[in-house]
>>> print(open('my_file_15.cif').read())   # mmCIF, C-alpha atoms
data_query
loop_
_atom_site.group_PDB
_atom_site.id
_atom_site.type_symbol
_atom_site.label_atom_id
_atom_site.label_comp_id
_atom_site.auth_asym_id
_atom_site.auth_seq_id
_atom_site.Cartn_x
_atom_site.Cartn_y
_atom_site.Cartn_z
ATOM 1 C CA ARG U 1 -34.545 -31.144 -65.700
ATOM 2 C CA LEU U 2 -35.590 -34.090 -63.511
ATOM 3 C CA ALA U 3 -38.301 -36.427 -64.698
ATOM 4 C CA LEU U 4 -41.614 -36.570 -62.906
ATOM 5 C CA ASN U 5 -41.311 -37.914 -59.361
ATOM 6 C CA ASP U 6 -37.506 -38.068 -59.555
ATOM 7 C CA GLU U 7 -35.482 -36.220 -56.961
ATOM 8 C CA LEU U 8 -31.951 -34.953 -56.925
ATOM 9 C CA ASN U 9 -29.839 -37.500 -55.131
ATOM 10 C CA VAL U 10 -26.234 -36.517 -54.443
ATOM 11 C CA THR U 11 -24.148 -37.042 -51.334
ATOM 12 C CA PRO U 12 -21.977 -34.161 -50.067
ATOM 13 C CA ALA U 13 -18.723 -34.827 -48.220
ATOM 14 C CA THR U 14 -16.001 -32.674 -46.704
ATOM 15 C CA THR U 15 -12.596 -33.125 -45.152
ATOM 16 C CA ALA U 16 -13.717 -31.183 -42.057
ATOM 17 C CA ASP U 17 -15.237 -32.694 -38.911
ATOM 18 C CA VAL U 18 -16.402 -31.409 -35.522
ATOM 19 C CA THR U 19 -12.824 -31.155 -34.265
ATOM 20 C CA SER U 20 -11.449 -29.303 -37.287
ATOM 21 C CA PRO U 21 -9.973 -25.879 -36.525
ATOM 22 C CA VAL U 22 -11.187 -22.557 -37.878
ATOM 23 C CA GLY U 23 -10.352 -22.003 -41.532
ATOM 24 C CA ASN U 24 -11.674 -21.859 -45.133
ATOM 25 C CA ASN U 25 -9.634 -24.548 -46.862
ATOM 26 C CA TYR U 26 -11.977 -27.484 -46.390
ATOM 27 C CA GLU U 27 -13.061 -28.997 -49.734
ATOM 28 C CA ILE U 28 -16.657 -30.051 -50.356
ATOM 29 C CA THR U 29 -17.252 -32.903 -52.825
ATOM 30 C CA LEU U 30 -20.484 -34.368 -54.189
ATOM 31 C CA THR U 31 -21.221 -38.013 -55.112
ATOM 32 C CA ASN U 32 -23.754 -38.726 -57.856
ATOM 33 C CA ASN U 33 -26.468 -41.134 -56.734
ATOM 34 C CA MET U 34 -28.771 -40.561 -59.727
ATOM 35 C CA GLY U 35 -27.779 -43.658 -61.651
ATOM 36 C CA SER U 36 -27.379 -43.759 -65.418
ATOM 37 C CA ASN U 37 -30.564 -41.938 -66.269
ATOM 38 C CA TYR U 38 -28.996 -38.527 -65.779
ATOM 39 C CA ASN U 39 -25.778 -36.970 -66.845
ATOM 40 C CA VAL U 40 -24.914 -34.992 -63.694
ATOM 41 C CA THR U 41 -22.092 -32.498 -63.640
ATOM 42 C CA LEU U 42 -20.698 -32.185 -60.083
ATOM 43 C CA LYS U 43 -18.693 -29.269 -58.828
ATOM 44 C CA THR U 44 -16.536 -28.967 -55.729
ATOM 45 C CA GLY U 45 -16.668 -26.139 -53.179
ATOM 46 C CA LYS U 46 -14.983 -24.784 -50.066
ATOM 47 C CA LEU U 47 -16.212 -24.972 -46.465
ATOM 48 C CA THR U 48 -15.367 -22.206 -43.996
ATOM 49 C CA ILE U 49 -15.400 -22.883 -40.237
ATOM 50 C CA ALA U 50 -15.925 -19.598 -38.369
ATOM 51 C CA PRO U 51 -14.661 -19.004 -34.802
ATOM 52 C CA ALA U 52 -17.082 -19.895 -32.033
ATOM 53 C CA GLU U 53 -18.114 -17.030 -29.740
ATOM 54 C CA LEU U 54 -16.897 -17.029 -26.155
ATOM 55 C CA THR U 55 -18.302 -15.077 -23.221
ATOM 56 C CA ILE U 56 -16.357 -14.244 -20.045
ATOM 57 C CA THR U 57 -18.597 -15.307 -17.160
ATOM 58 C CA ASP U 58 -16.215 -14.862 -14.215
ATOM 59 C CA ALA U 59 -12.727 -13.701 -13.265
ATOM 60 C CA THR U 60 -10.793 -14.262 -10.041
ATOM 61 C CA VAL U 61 -8.783 -11.271 -8.786
ATOM 62 C CA SER U 62 -6.485 -11.416 -5.749
ATOM 63 C CA ASP U 63 -6.885 -8.969 -2.890
ATOM 64 C CA LYS U 64 -3.728 -6.975 -2.174
ATOM 65 C CA THR U 65 -2.114 -4.523 0.221
ATOM 66 C CA TYR U 66 -1.862 -0.886 -0.816
ATOM 67 C CA ASP U 67 1.256 -0.313 -2.937
ATOM 68 C CA GLY U 68 0.453 2.972 -4.672
ATOM 69 C CA THR U 69 -0.531 1.317 -7.979
ATOM 70 C CA ASN U 70 -3.868 0.262 -9.445
ATOM 71 C CA THR U 71 -2.495 -3.003 -10.851
ATOM 72 C CA ALA U 72 -4.625 -6.059 -10.080
ATOM 73 C CA THR U 73 -3.523 -9.703 -10.249
ATOM 74 C CA VAL U 74 -5.967 -11.949 -12.129
ATOM 75 C CA THR U 75 -5.485 -15.620 -11.288
ATOM 76 C CA GLY U 76 -8.081 -17.131 -13.608
ATOM 77 C CA VAL U 77 -10.947 -16.563 -16.045
ATOM 78 C CA THR U 78 -14.078 -18.628 -16.680
ATOM 79 C CA PHE U 79 -15.547 -18.819 -20.198
ATOM 80 C CA SER U 80 -18.845 -20.054 -21.603
ATOM 81 C CA GLY U 81 -19.139 -21.295 -25.183
ATOM 82 C CA LEU U 82 -16.252 -23.762 -25.272
ATOM 83 C CA LYS U 83 -16.833 -26.792 -27.497
ATOM 84 C CA ASN U 84 -16.115 -30.499 -27.059
ATOM 85 C CA ASP U 85 -15.123 -30.069 -23.390
ATOM 86 C CA GLU U 86 -12.164 -27.910 -24.429
ATOM 87 C CA THR U 87 -10.412 -25.684 -21.915
ATOM 88 C CA LEU U 88 -8.244 -22.599 -22.233
ATOM 89 C CA ALA U 89 -5.090 -22.176 -20.171
ATOM 90 C CA LYS U 90 -3.989 -18.807 -18.812
ATOM 91 C CA ASP U 91 -0.729 -17.532 -20.346
ATOM 92 C CA THR U 92 -0.945 -20.222 -23.044
ATOM 93 C CA ASP U 93 -4.313 -19.743 -24.707
ATOM 94 C CA TYR U 94 -4.984 -16.262 -23.401
ATOM 95 C CA THR U 95 -3.347 -13.385 -21.556
ATOM 96 C CA VAL U 96 -5.147 -11.362 -18.930
ATOM 97 C CA SER U 97 -4.568 -8.151 -16.986
ATOM 98 C CA GLY U 98 -6.524 -6.272 -14.339
ATOM 99 C CA GLU U 99 -6.793 -2.696 -13.114
ATOM 100 C CA PHE U 100 -8.443 -1.318 -9.997
ATOM 101 C CA LYS U 101 -10.528 1.820 -10.497
ATOM 102 C CA ASP U 102 -7.893 3.677 -8.476
ATOM 103 C CA ALA U 103 -4.892 2.899 -6.278
ATOM 104 C CA ASN U 104 -6.439 3.759 -2.887
ATOM 105 C CA ALA U 105 -7.291 1.153 -0.257
ATOM 106 C CA GLY U 106 -10.900 -0.001 -0.033
ATOM 107 C CA VAL U 107 -13.213 -2.996 0.203
ATOM 108 C CA ASP U 108 -14.824 -4.524 -2.905
ATOM 109 C CA LYS U 109 -13.248 -2.035 -5.275
ATOM 110 C CA GLU U 110 -14.130 -2.166 -8.956
ATOM 111 C CA VAL U 111 -11.656 -4.056 -11.144
ATOM 112 C CA THR U 112 -11.648 -4.179 -14.942
ATOM 113 C CA VAL U 113 -10.273 -7.460 -16.325
ATOM 114 C CA THR U 114 -9.005 -7.479 -19.925
ATOM 115 C CA VAL U 115 -8.572 -10.776 -21.805
ATOM 116 C CA THR U 116 -6.765 -11.344 -25.109
ATOM 117 C CA LEU U 117 -7.027 -14.728 -26.855
ATOM 118 C CA SER U 118 -4.015 -16.328 -28.493
ATOM 119 C CA THR U 119 -4.076 -16.611 -32.278
ATOM 120 C CA THR U 120 -2.677 -20.146 -32.199
ATOM 121 C CA GLY U 121 -3.721 -23.481 -30.765
ATOM 122 C CA THR U 122 -7.145 -24.085 -29.276
ATOM 123 C CA ALA U 123 -7.788 -20.371 -28.691
ATOM 124 C CA ALA U 124 -7.580 -19.665 -32.427
ATOM 125 C CA ASN U 125 -10.946 -21.398 -32.832
ATOM 126 C CA TYR U 126 -12.725 -18.822 -30.660
ATOM 127 C CA GLU U 127 -13.449 -15.127 -30.517
ATOM 128 C CA LEU U 128 -14.558 -13.112 -27.513
ATOM 129 C CA LYS U 129 -17.923 -11.425 -27.490
ATOM 130 C CA THR U 130 -16.259 -8.771 -25.367
ATOM 131 C CA GLY U 131 -12.700 -8.736 -24.079
ATOM 132 C CA THR U 132 -13.406 -7.101 -20.720
ATOM 133 C CA PHE U 133 -15.132 -8.184 -17.521
ATOM 134 C CA ALA U 134 -16.025 -6.207 -14.377
ATOM 135 C CA THR U 135 -15.478 -7.674 -10.913
ATOM 136 C CA THR U 136 -14.303 -6.549 -7.454
ATOM 137 C CA ALA U 137 -11.410 -7.064 -5.055
ATOM 138 C CA THR U 138 -10.042 -5.424 -1.906
ATOM 139 C CA ILE U 139 -6.977 -3.238 -1.360
ATOM 140 C CA SER U 140 -6.004 -3.338 2.320
ATOM 141 C CA PRO U 141 -4.171 -0.435 4.017
ATOM 142 C CA THR U 142 -0.424 -0.818 4.495
ATOM 143 C CA GLU U 143 0.501 -2.027 7.983
ATOM 144 C CA THR U 144 2.511 0.931 9.278
ATOM 145 C CA THR U 145 5.704 0.317 11.258
ATOM 146 C CA LEU U 146 7.410 2.876 13.518
ATOM 147 C CA THR U 147 10.494 3.001 15.709
ATOM 148 C CA LEU U 148 11.996 5.952 17.582
ATOM 149 C CA THR U 149 15.451 6.928 18.766
ATOM 150 C CA ALA U 150 15.977 10.026 20.891
ATOM 151 C CA ALA U 151 19.302 11.660 21.681
ATOM 152 C CA GLY U 152 19.969 12.895 25.189
ATOM 153 C CA MET U 153 21.056 16.450 25.927
ATOM 154 C CA GLU U 154 22.595 18.579 28.627
ATOM 155 C CA TYR U 155 20.341 20.921 30.561
ATOM 156 C CA THR U 156 20.028 24.299 28.836
ATOM 157 C CA GLY U 157 16.975 25.788 30.497
ATOM 158 C CA SER U 158 14.989 25.264 27.292
ATOM 159 C CA VAL U 159 12.431 22.583 26.443
ATOM 160 C CA TYR U 160 13.790 19.443 24.751
ATOM 161 C CA ASP U 161 13.966 19.885 20.979
ATOM 162 C CA VAL U 162 11.997 17.281 18.973
ATOM 163 C CA ASP U 163 14.662 17.537 16.282
ATOM 164 C CA ASN U 164 16.671 15.254 18.584
ATOM 165 C CA ILE U 165 14.129 12.462 17.848
ATOM 166 C CA THR U 166 14.591 10.233 14.799
ATOM 167 C CA PRO U 167 11.472 8.339 13.637
ATOM 168 C CA THR U 168 11.826 5.389 11.244
ATOM 169 C CA SER U 169 8.823 4.020 9.318
ATOM 170 C CA ASN U 170 8.064 1.912 6.263
ATOM 171 C CA LEU U 171 6.030 4.862 4.946
ATOM 172 C CA GLN U 172 7.854 7.229 2.629
ATOM 173 C CA ARG U 173 5.898 10.254 3.859
ATOM 174 C CA PHE U 174 4.112 10.609 7.182
ATOM 175 C CA GLU U 175 3.177 13.067 9.910
ATOM 176 C CA ILE U 176 4.007 12.223 13.505
ATOM 177 C CA SER U 177 3.005 13.769 16.834
ATOM 178 C CA TYR U 178 4.978 13.481 20.071
ATOM 179 C CA THR U 179 3.925 13.406 23.730
ATOM 180 C CA PHE U 180 6.394 13.376 26.621
ATOM 181 C CA TYR U 181 6.129 11.492 29.918
ATOM 182 C CA THR U 182 8.120 10.853 33.068
ATOM 183 C CA ASP U 183 7.265 7.136 33.228
ATOM 184 C CA GLU U 184 7.737 4.207 30.854
ATOM 185 C CA ALA U 185 4.012 3.388 30.986
ATOM 186 C CA CYS U 186 3.429 6.839 29.480
ATOM 187 C CA THR U 187 0.758 7.857 31.987
ATOM 188 C CA LYS U 188 2.369 10.964 33.517
ATOM 189 C CA SER U 189 2.769 13.687 30.925
ATOM 190 C CA ALA U 190 5.614 16.135 31.281
ATOM 191 C CA THR U 191 7.445 19.003 29.648
ATOM 192 C CA PRO U 192 11.047 17.830 29.173
ATOM 193 C CA LYS U 193 13.069 20.789 30.385
ATOM 194 C CA ASP U 194 14.709 19.973 33.705
ATOM 195 C CA ALA U 195 17.393 17.346 34.174
ATOM 196 C CA GLY U 196 16.045 13.818 34.395
ATOM 197 C CA THR U 197 14.913 10.811 32.356
ATOM 198 C CA TYR U 198 11.873 11.146 30.114
ATOM 199 C CA TRP U 199 9.850 8.977 27.737
ATOM 200 C CA VAL U 200 8.509 10.135 24.410
ATOM 201 C CA LYS U 201 5.668 8.479 22.500
ATOM 202 C CA GLY U 202 5.325 9.063 18.764
ATOM 203 C CA VAL U 203 2.023 8.464 16.965
ATOM 204 C CA ILE U 204 1.305 8.219 13.224
ATOM 205 C CA ALA U 205 -2.442 8.537 12.650
ATOM 206 C CA ALA U 206 -4.284 6.122 10.359
ATOM 207 C CA THR U 207 -5.064 7.207 6.794
ATOM 208 C CA THR U 208 -7.057 5.660 3.970
ATOM 209 C CA ASN U 209 -3.992 3.783 2.762
ATOM 210 C CA ALA U 210 -2.071 3.058 5.982
ATOM 211 C CA THR U 211 -2.847 1.888 9.503
ATOM 212 C CA ALA U 212 -1.978 3.840 12.645
ATOM 213 C CA ALA U 213 1.273 3.149 14.477
ATOM 214 C CA GLU U 214 2.965 4.253 17.681
ATOM 215 C CA ALA U 215 6.321 3.757 19.353
ATOM 216 C CA LYS U 216 8.147 5.038 22.424
ATOM 217 C CA THR U 217 11.686 5.519 23.649
ATOM 218 C CA SER U 218 13.521 7.231 26.495
ATOM 219 C CA PHE U 219 16.143 9.950 26.721
ATOM 220 C CA THR U 220 17.970 11.805 29.468
ATOM 221 C CA ILE U 221 18.588 15.486 30.108
ATOM 222 C CA THR U 222 21.784 15.546 32.140
ATOM 223 C CA GLN U 223 22.767 18.170 34.680
ATOM 224 C CA LYS U 224 24.894 20.955 33.337
ATOM 225 C CA SER U 225 28.385 21.231 34.720
ATOM 226 C CA LEU U 226 28.932 24.802 35.849
ATOM 227 C CA ALA U 227 32.287 26.532 35.884
ATOM 228 C CA ASP U 228 32.989 29.274 38.419
ATOM 229 C CA SER U 229 33.299 31.691 35.546
ATOM 230 C CA ASP U 230 29.688 30.987 34.583
ATOM 231 C CA ILE U 231 28.323 32.083 37.960
ATOM 232 C CA THR U 232 28.144 35.637 39.227
ATOM 233 C CA VAL U 233 26.947 36.869 42.602
ATOM 234 C CA GLU U 234 25.838 40.463 42.803
ATOM 235 C CA THR U 235 27.548 42.581 45.394
ATOM 236 C CA ILE U 236 25.968 42.282 48.847
ATOM 237 C CA PRO U 237 25.432 45.645 50.508
ATOM 238 C CA ASN U 238 27.124 46.304 53.839
ATOM 239 C CA GLN U 239 24.999 45.244 56.790
ATOM 240 C CA THR U 240 24.405 46.961 60.134
ATOM 241 C CA TYR U 241 25.284 45.016 63.230
ATOM 242 C CA THR U 242 22.233 43.694 65.068
ATOM 243 C CA GLY U 243 23.732 41.164 67.414
ATOM 244 C CA LEU U 244 21.908 38.432 65.518
ATOM 245 C CA GLN U 245 22.893 36.241 62.619
ATOM 246 C CA ILE U 246 22.347 38.107 59.403
ATOM 247 C CA THR U 247 21.373 36.290 56.217
ATOM 248 C CA PRO U 248 21.418 38.889 53.494
ATOM 249 C CA ALA U 249 19.539 38.444 50.227
ATOM 250 C CA VAL U 250 21.807 37.092 47.524
ATOM 251 C CA THR U 251 21.271 37.400 43.797
ATOM 252 C CA VAL U 252 22.973 34.652 41.810
ATOM 253 C CA LYS U 253 23.121 34.569 38.036
ATOM 254 C CA TYR U 254 24.141 31.952 35.547
ATOM 255 C CA ASN U 255 25.403 33.970 32.616
ATOM 256 C CA ARG U 256 22.525 36.473 32.341
ATOM 257 C CA MET U 257 19.828 34.217 33.841
ATOM 258 C CA THR U 258 18.856 34.911 37.464
ATOM 259 C CA LEU U 259 18.646 31.693 39.462
ATOM 260 C CA THR U 260 15.990 30.942 42.094
ATOM 261 C CA ALA U 261 17.123 30.665 45.692
ATOM 262 C CA ASP U 262 16.485 27.304 47.418
ATOM 263 C CA THR U 263 15.594 25.820 44.019
ATOM 264 C CA ASP U 264 18.653 26.481 41.915
ATOM 265 C CA TYR U 265 21.017 27.184 44.801
ATOM 266 C CA VAL U 266 21.203 27.539 48.587
ATOM 267 C CA VAL U 267 23.073 30.136 50.612
ATOM 268 C CA VAL U 268 25.292 28.784 53.381
ATOM 269 C CA PRO U 269 26.567 31.568 55.702
ATOM 270 C CA SER U 270 30.131 31.269 56.843
ATOM 271 C CA GLY U 271 32.325 33.307 59.073
ATOM 272 C CA ASP U 272 31.083 35.650 61.805
ATOM 273 C CA CYS U 273 27.733 37.186 60.795
#
>>> encode(input="my_file_15.cif", output="structure tokens")
Amino acid sequence: RLALNDELNVTPATTADVTSPVGNNYEITLTNNMGSNYNVTLKTGKLTIAPAELTITDATVSDKTYDGTNTATVTGVTFSGLKNDETLAKDTDYTVSGEFKDANAGVDKEVTVTVTLSTTGTAANYELKTGTFATTATISPTETTLTLTAAGMEYTGSVYDVDNITPTSNLQRFEISYTFYTDEACTKSATPKDAGTYWVKGVIAATTNATAAEAKTSFTITQKSLADSDITVETIPNQTYTGLQITPAVTVKYNRMTLTADTDYVVVPSGDC
């Protein structure tokens, strides 16, 4: 027991300082400053330095173009709670990943950033209050590309088959609509059936995840070469003499299709009629 008006006077010391890392192996020693009036028994102890708490205050996420995934690229994280002007380096002191709420294109979409501190180096002296942070970034629609090639065909009497058109796009799946024209400016719509040169415009409509695109190309329906065996003329009835030139009605068929006079063919009388 201390005498009246005396006070305990010992000086503690430790091997740790403000820059010492987290741990519990720091010895505490005491120095007796009581002089010779007291027989003081001093004991040593251990000092534990606990990790300092860090808070994520910001995260930078790159905007991206739609790619069908919800993966987000995090370029940096800002922390509060760092001591002695220390800094933490991405991929050295911590790892970070990011996920969009979903994979679809959109502006200011929610992103969840997840941070994991390293267990070595400077980062080992800290622990995160929470390892996630919410922020936003934009997924832009894919810029759609489109080209067309169209094969020509010989006149058949039927409308041009769109299966002869080959569309090429950077989209894996898409719907395309076609419109036909007789001019390159695509102002005069047409039904491609008769022989001639036509233009076709293909259009892919915009979706949430891809922009609209259009392209055009030309093709030719060539005249069909007819063999005599393909053409039949129905028998012309005998005519009664009138003293005038007689031009009887003529029925001409291509295979089983009846042709139109003065459009598909003309009749040129010959001989004495």
>>> resolve_selection(input="my_file_15.cif", expression="the PyMOL selection byres ((chain U and resi 142-156) around 7)", output="number ranges by chain")
U: 65-66, 140-141, 157-158, 164-171, 194-195, 209-224
>>> resolve_selection(input="my_file_15.cif", expression="the PyMOL selection byres ((chain U and resi 248) around 9)", output="PyMOL selection string")
chain U and resi 236-237+239+246-247+249-250
>>> closest_residue(input="my_file_15.cif", among="U:Gln172, U:Thr207, U:Thr60, U:Thr242", to="Ala134 (chain U)", atoms="only C-alpha atoms")
U:Thr60
>>> atom_distance(input="my_file_15.cif", atom1="CA of Thr95 (chain U)", atom2="CA of Val107 (chain U)")
26.1 Å
>>> closest_residue(input="my_file_15.cif", among="U:Pro12, U:Gly106, U:Gly45, U:Gly98", to="Phe133 (chain U)", atoms="only C-alpha atoms")
U:Gly98
>>> closest_residue(input="my_file_15.cif", among="U:Cys186, U:Val268, U:Ile231, U:Leu47", to="Asn255 (chain U)", atoms="only C-alpha atoms")
U:Ile231
